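Written out below as structure tokens is the structure these notes cover.
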Amino acid sequence: MAFHLASSSGASTVPSFGFSVTEKLAHNNYPMWKMQVLSALKGAQLASFINSEAKPPSSFLEPMKVEDKKEPPKTNPEFESWVAKDQTVLHFLLSSLSKEILGQVPTTVASAKEAWTAIDGMFASQSRAHIISTRMALATASKGASSISEFFVKMKALVDEMASAGRKIEDEELVSYILMGLDREYDPVVSAVAARVEPISVGELYTQLTSFEQRMEMKNGGGGYQSSSNMASRGGRGNYRGGARGGGGRGGFGCGQRGGRTSGRPQGSFQAGVICQLCGKEGHTVVKCFKRFDASFTGPP
């Protein structure tokens with residue numbers, strides 16, 4: 001940060017800022033503005049002037065007694081120096097406000113502390129509301145159809161929003177939010193993390209979840225891992241073939257398929273040349289015919 005020293009009364013010097021914040025305070029950038037202003041004031045060793053306990057030294061020096069006579073009070077040079085620095089900080093704060101915000105600051109503010117208190121109070125309720133909404137977004141976040149990498153990017157963005165609003169999320173809390181947002185297919189990883197004695201870091205959790213995701217992709221033939229939500233949206237086509245065709249699917253029973261290979265008996269038990277006396281289909285006997293349980297079946301024409 002750049003600032004220079006300007007002459008003042010006596011031997012005191014007043015720091016004068018050589019720049020303004022990159023973005024003036026508006027209704028939607030208070031966390032960013034606050035971060036820049038605090039950084040500038042701390043770098044110039046002037047952050048104490050916006051402290052709630054900031055107060056100037058006595059304006060006059062204690063009179064000295066000379067032979068039982070008191071000298072007239074003298075002006076305290078430290079008081080003049082303090083006021084000059086305080087007004088410099090006040091000017092820096094006011095010049096960093098946009099016109100719409102500056103118009104809401106009371107014209108009666110006479111010190112940097114008063115200006116900072118007014119500005120901070122103006123945005124305190126807005127910051128609390130933002131923190132609450134972001135925390136709710138973290139608690140209800142779900143991985144859904146996104147990958148582990150995309151899910152972590154989303155959660156990291158929410159954590160950054162919390163930090164910019166002045167509320168830092170610790171790793172252990174973030175891990176809890178991430179685990180709550182996973183699909184049930186990741187239950188083995190969740191159980192393993194919950195059984196640990198030592199807390200897991202966010203980086204290690206990311207490594208375990210991506211490894212688990214890769215293993216699931218390999219088991220699915222490299223076609224990409226599909227969560228239960230994706231499978232449900234596809235009508236369960238990844239679980240059974242032909243399940244919507246009236247029971248003619250794998251491992252099921254049915255009559256009416258071409259050639260009778262899945263008619264009235266489990267798959268793999270086709271008997272060539274054998275004709276069912278009940279349904280008239282080839283490949284099974286009446287004992288294995290599914291139609292024998294159908295009370296409405298009247299037999300072949």
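Order determines the names: the first chain of the structure tokens is A, the second B, and so forth; residues in each chain are numbered 1 upward, and ligands are numbered 1 upward as they are shown.
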(request) List every residue of stretch 107-216 of chain A that DSSP, applied to the backbone of this structure, places in alpha helix (DSSP H), and write the result as a ChimeraX atom specification. (result) /A:112-140,148-164,171-180,187-194,202-216
(message) Ranking A:Phe92, A:Thr140, A:Ala145, A:Leu102 by minimum distance to A:Ile178 and counting only C-alpha atoms, which one comes first?
(response) A:Thr140
(request) Could you check how far atom CA of A:Val21 sits from atom CA of A:Ser96, in Å to one decimal? (result) 6.1 Å
Find the spatial neighbours of A:Gln36, counting only C-alpha atoms, within a cut-off of 12 Å - ignore same-chain residues fewer than 2 positions away - and output them as a PDB file with N, CA, C and O atoms, in the first residue's frame.
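What landed in around_4.pdb:
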ATOM      1  N   MET A   1       0.832  -1.173   0.000  1.00  0.00           N
ATOM      2  CA  MET A   1       0.000   0.000   0.000  1.00  0.00           C
ATOM      3  C   MET A   1       0.876   1.235   0.000  1.00  0.00           C
ATOM      4  O   MET A   1       1.905   1.268   0.664  1.00  0.00           O
ATOM      5  N   PHE A  19      -4.001   6.316  -2.682  1.00  0.00           N
ATOM      6  CA  PHE A  19      -4.893   5.621  -3.595  1.00  0.00           C
ATOM      7  C   PHE A  19      -6.258   5.472  -2.933  1.00  0.00           C
ATOM      8  O   PHE A  19      -6.421   5.704  -1.745  1.00  0.00           O
ATOM      9  N   SER A  20      -7.240   5.094  -3.722  1.00  0.00           N
ATOM     10  CA  SER A  20      -8.576   4.793  -3.215  1.00  0.00           C
ATOM     11  C   SER A  20      -8.873   3.327  -3.500  1.00  0.00           C
ATOM     12  O   SER A  20      -8.146   2.674  -4.254  1.00  0.00           O
ATOM     13  N   VAL A  21      -9.929   2.808  -2.904  1.00  0.00           N
ATOM     14  CA  VAL A  21     -10.281   1.415  -3.140  1.00  0.00           C
ATOM     15  C   VAL A  21     -10.672   1.225  -4.609  1.00  0.00           C
ATOM     16  O   VAL A  21     -11.139   2.156  -5.263  1.00  0.00           O
ATOM     17  N   THR A  22     -10.468   0.030  -5.127  1.00  0.00           N
ATOM     18  CA  THR A  22     -10.718  -0.235  -6.546  1.00  0.00           C
ATOM     19  C   THR A  22     -12.201  -0.184  -6.886  1.00  0.00           C
ATOM     20  O   THR A  22     -12.568   0.096  -8.021  1.00  0.00           O
ATOM     21  N   GLU A  23     -13.040  -0.468  -5.896  1.00  0.00           N
ATOM     22  CA  GLU A  23     -14.484  -0.479  -6.137  1.00  0.00           C
ATOM     23  C   GLU A  23     -15.178   0.187  -4.963  1.00  0.00           C
ATOM     24  O   GLU A  23     -15.086  -0.275  -3.829  1.00  0.00           O
ATOM     25  N   LYS A  24     -15.884   1.285  -5.224  1.00  0.00           N
ATOM     26  CA  LYS A  24     -16.534   2.018  -4.139  1.00  0.00           C
ATOM     27  C   LYS A  24     -17.716   1.229  -3.584  1.00  0.00           C
ATOM     28  O   LYS A  24     -18.314   0.404  -4.265  1.00  0.00           O
ATOM     29  N   LEU A  25     -18.014   1.508  -2.327  1.00  0.00           N
ATOM     30  CA  LEU A  25     -19.051   0.755  -1.632  1.00  0.00           C
ATOM     31  C   LEU A  25     -20.426   1.006  -2.253  1.00  0.00           C
ATOM     32  O   LEU A  25     -20.852   2.153  -2.417  1.00  0.00           O
ATOM     33  N   ASN A  29     -21.670  -4.983  -2.553  1.00  0.00           N
ATOM     34  CA  ASN A  29     -20.251  -5.362  -2.487  1.00  0.00           C
ATOM     35  C   ASN A  29     -19.612  -5.022  -1.151  1.00  0.00           C
ATOM     36  O   ASN A  29     -18.417  -4.756  -1.080  1.00  0.00           O
ATOM     37  N   TYR A  30     -20.411  -5.036  -0.104  1.00  0.00           N
ATOM     38  CA  TYR A  30     -19.882  -4.653   1.213  1.00  0.00           C
ATOM     39  C   TYR A  30     -18.733  -5.544   1.690  1.00  0.00           C
ATOM     40  O   TYR A  30     -17.716  -5.032   2.170  1.00  0.00           O
ATOM     41  N   PRO A  31     -18.827  -6.886   1.590  1.00  0.00           N
ATOM     42  CA  PRO A  31     -17.704  -7.712   2.047  1.00  0.00           C
ATOM     43  C   PRO A  31     -16.397  -7.390   1.338  1.00  0.00           C
ATOM     44  O   PRO A  31     -15.341  -7.310   1.975  1.00  0.00           O
ATOM     45  N   MET A  32     -16.450  -7.198   0.011  1.00  0.00           N
ATOM     46  CA  MET A  32     -15.234  -6.879  -0.734  1.00  0.00           C
ATOM     47  C   MET A  32     -14.689  -5.507  -0.332  1.00  0.00           C
ATOM     48  O   MET A  32     -13.481  -5.332  -0.147  1.00  0.00           O
ATOM     49  N   TRP A  33     -15.590  -4.534  -0.200  1.00  0.00           N
ATOM     50  CA  TRP A  33     -15.167  -3.184   0.199  1.00  0.00           C
ATOM     51  C   TRP A  33     -14.533  -3.207   1.588  1.00  0.00           C
ATOM     52  O   TRP A  33     -13.487  -2.594   1.816  1.00  0.00           O
ATOM     53  N   LYS A  34     -15.147  -3.906   2.505  1.00  0.00           N
ATOM     54  CA  LYS A  34     -14.636  -3.971   3.872  1.00  0.00           C
ATOM     55  C   LYS A  34     -13.249  -4.600   3.911  1.00  0.00           C
ATOM     56  O   LYS A  34     -12.367  -4.141   4.647  1.00  0.00           O
ATOM     57  N   LEU A  38     -10.044  -2.432   5.340  1.00  0.00           N
ATOM     58  CA  LEU A  38      -9.314  -2.912   6.515  1.00  0.00           C
ATOM     59  C   LEU A  38      -7.858  -3.192   6.168  1.00  0.00           C
ATOM     60  O   LEU A  38      -6.949  -2.902   6.964  1.00  0.00           O
ATOM     61  N   SER A  39      -7.631  -3.765   4.999  1.00  0.00           N
ATOM     62  CA  SER A  39      -6.261  -4.042   4.585  1.00  0.00           C
ATOM     63  C   SER A  39      -5.459  -2.751   4.464  1.00  0.00           C
ATOM     64  O   SER A  39      -4.297  -2.678   4.890  1.00  0.00           O
ATOM     65  N   ALA A  40      -6.059  -1.714   3.883  1.00  0.00           N
ATOM     66  CA  ALA A  40      -5.372  -0.434   3.716  1.00  0.00           C
ATOM     67  C   ALA A  40      -5.069   0.214   5.064  1.00  0.00           C
ATOM     68  O   ALA A  40      -3.963   0.714   5.305  1.00  0.00           O
ATOM     69  N   LEU A  41      -6.038   0.204   5.968  1.00  0.00           N
ATOM     70  CA  LEU A  41      -5.845   0.843   7.274  1.00  0.00           C
ATOM     71  C   LEU A  41      -4.823   0.094   8.124  1.00  0.00           C
ATOM     72  O   LEU A  41      -4.002   0.717   8.813  1.00  0.00           O
ATOM     73  N   LYS A  42      -4.850  -1.222   8.066  1.00  0.00           N
ATOM     74  CA  LYS A  42      -3.870  -1.996   8.830  1.00  0.00           C
ATOM     75  C   LYS A  42      -2.468  -1.803   8.273  1.00  0.00           C
ATOM     76  O   LYS A  42      -1.494  -1.738   9.026  1.00  0.00           O
ATOM     77  N   GLY A  43      -2.373  -1.721   6.952  1.00  0.00           N
ATOM     78  CA  GLY A  43      -1.070  -1.504   6.338  1.00  0.00           C
ATOM     79  C   GLY A  43      -0.486  -0.151   6.699  1.00  0.00           C
ATOM     80  O   GLY A  43       0.736  -0.005   6.804  1.00  0.00           O
ATOM     81  N   PHE A  92     -10.688   9.201   3.917  1.00  0.00           N
ATOM     82  CA  PHE A  92     -10.472   7.985   3.128  1.00  0.00           C
ATOM     83  C   PHE A  92     -11.746   7.144   3.085  1.00  0.00           C
ATOM     84  O   PHE A  92     -12.130   6.621   2.030  1.00  0.00           O
ATOM     85  N   LEU A  93     -12.443   7.000   4.213  1.00  0.00           N
ATOM     86  CA  LEU A  93     -13.675   6.217   4.253  1.00  0.00           C
ATOM     87  C   LEU A  93     -14.762   6.856   3.397  1.00  0.00           C
ATOM     88  O   LEU A  93     -15.419   6.179   2.595  1.00  0.00           O
ATOM     89  N   SER A  96     -14.407   6.579  -0.320  1.00  0.00           N
ATOM     90  CA  SER A  96     -14.531   5.230  -0.870  1.00  0.00           C
ATOM     91  C   SER A  96     -15.986   4.788  -0.992  1.00  0.00           C
ATOM     92  O   SER A  96     -16.257   3.633  -1.334  1.00  0.00           O
ATOM     93  N   SER A 164     -16.423 -14.405   2.779  1.00  0.00           N
ATOM     94  CA  SER A 164     -16.485 -12.990   2.398  1.00  0.00           C
ATOM     95  C   SER A 164     -17.466 -12.216   3.266  1.00  0.00           C
ATOM     96  O   SER A 164     -17.350 -11.005   3.417  1.00  0.00           O
TER      97      SER A 164
END
(message) List as number ranges by chain the protein and nucleic acid residues near stretch 168-170 of chain A, meaning an atom at most 12 Å away when only C-alpha atoms are counted, but skip any in the same chain fewer than 3 places from it.
(response) A: 131, 134-135, 138, 155-165, 173-177, 199-202
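Restricting the calculation to only C-alpha atoms, the smallest distance between A:Ala137 and any of A:Glu100, A:Pro106, A:Gly181, A:Leu46 is found for A:Gly181.
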(request) Grab the atom CA of A:Phe49 to atom CA of A:Val83 distance for me, in Å with one decimal place. (result) 9.9 Å
(message) Restricting the calculation to only C-alpha atoms: of A:Leu179, A:Val109, A:Val89, A:Ile275, which residue gets closest to A:Leu209?
(response) A:Leu179
Extract, using only C-alpha atoms, all DNA, RNA and protein residues at most 8 Å from A:Thr210, discarding same-chain residues fewer than 3 positions from it, and format them as a PDB file with N, CA, C and O atoms, in the first residue's frame.
ATOM      1  N   ILE A 148     -18.298 -35.619  -8.857  1.00  0.00           N
ATOM      2  CA  ILE A 148     -17.704 -35.239  -7.565  1.00  0.00           C
ATOM      3  C   ILE A 148     -16.937 -33.933  -7.709  1.00  0.00           C
ATOM      4  O   ILE A 148     -17.017 -33.045  -6.853  1.00  0.00           O
ATOM      5  N   SER A 149     -16.212 -33.783  -8.789  1.00  0.00           N
ATOM      6  CA  SER A 149     -15.437 -32.563  -9.007  1.00  0.00           C
ATOM      7  C   SER A 149     -16.350 -31.339  -9.091  1.00  0.00           C
ATOM      8  O   SER A 149     -16.089 -30.305  -8.476  1.00  0.00           O
ATOM      9  N   TYR A 206     -11.959 -35.563  -0.866  1.00  0.00           N
ATOM     10  CA  TYR A 206     -12.082 -35.430  -2.318  1.00  0.00           C
ATOM     11  C   TYR A 206     -11.380 -36.584  -3.027  1.00  0.00           C
ATOM     12  O   TYR A 206     -11.914 -37.162  -3.985  1.00  0.00           O
ATOM     13  N   THR A 207     -10.196 -36.964  -2.539  1.00  0.00           N
ATOM     14  CA  THR A 207      -9.457 -38.073  -3.144  1.00  0.00           C
ATOM     15  C   THR A 207     -10.227 -39.378  -3.025  1.00  0.00           C
ATOM     16  O   THR A 207     -10.332 -40.150  -3.992  1.00  0.00           O
ATOM     17  N   GLU A 213     -15.722 -42.937  -7.263  1.00  0.00           N
ATOM     18  CA  GLU A 213     -16.450 -42.629  -8.492  1.00  0.00           C
ATOM     19  C   GLU A 213     -15.818 -43.332  -9.692  1.00  0.00           C
ATOM     20  O   GLU A 213     -16.526 -43.882 -10.547  1.00  0.00           O
ATOM     21  N   GLN A 214     -14.498 -43.357  -9.764  1.00  0.00           N
ATOM     22  CA  GLN A 214     -13.805 -44.025 -10.863  1.00  0.00           C
ATOM     23  C   GLN A 214     -14.040 -45.528 -10.841  1.00  0.00           C
ATOM     24  O   GLN A 214     -14.227 -46.152 -11.887  1.00  0.00           O
TER      25      GLN A 214
END
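Distance-wise, atom CA of A:Glu80 and atom CA of A:Ile50 end up 17.5 Å apart.
For the residues A:Arg167, A:Val105, A:Ser211, A:Thr285, ranking by smallest atom-to-atom distance to A:Ile119 using only C-alpha atoms places A:Val105 first.
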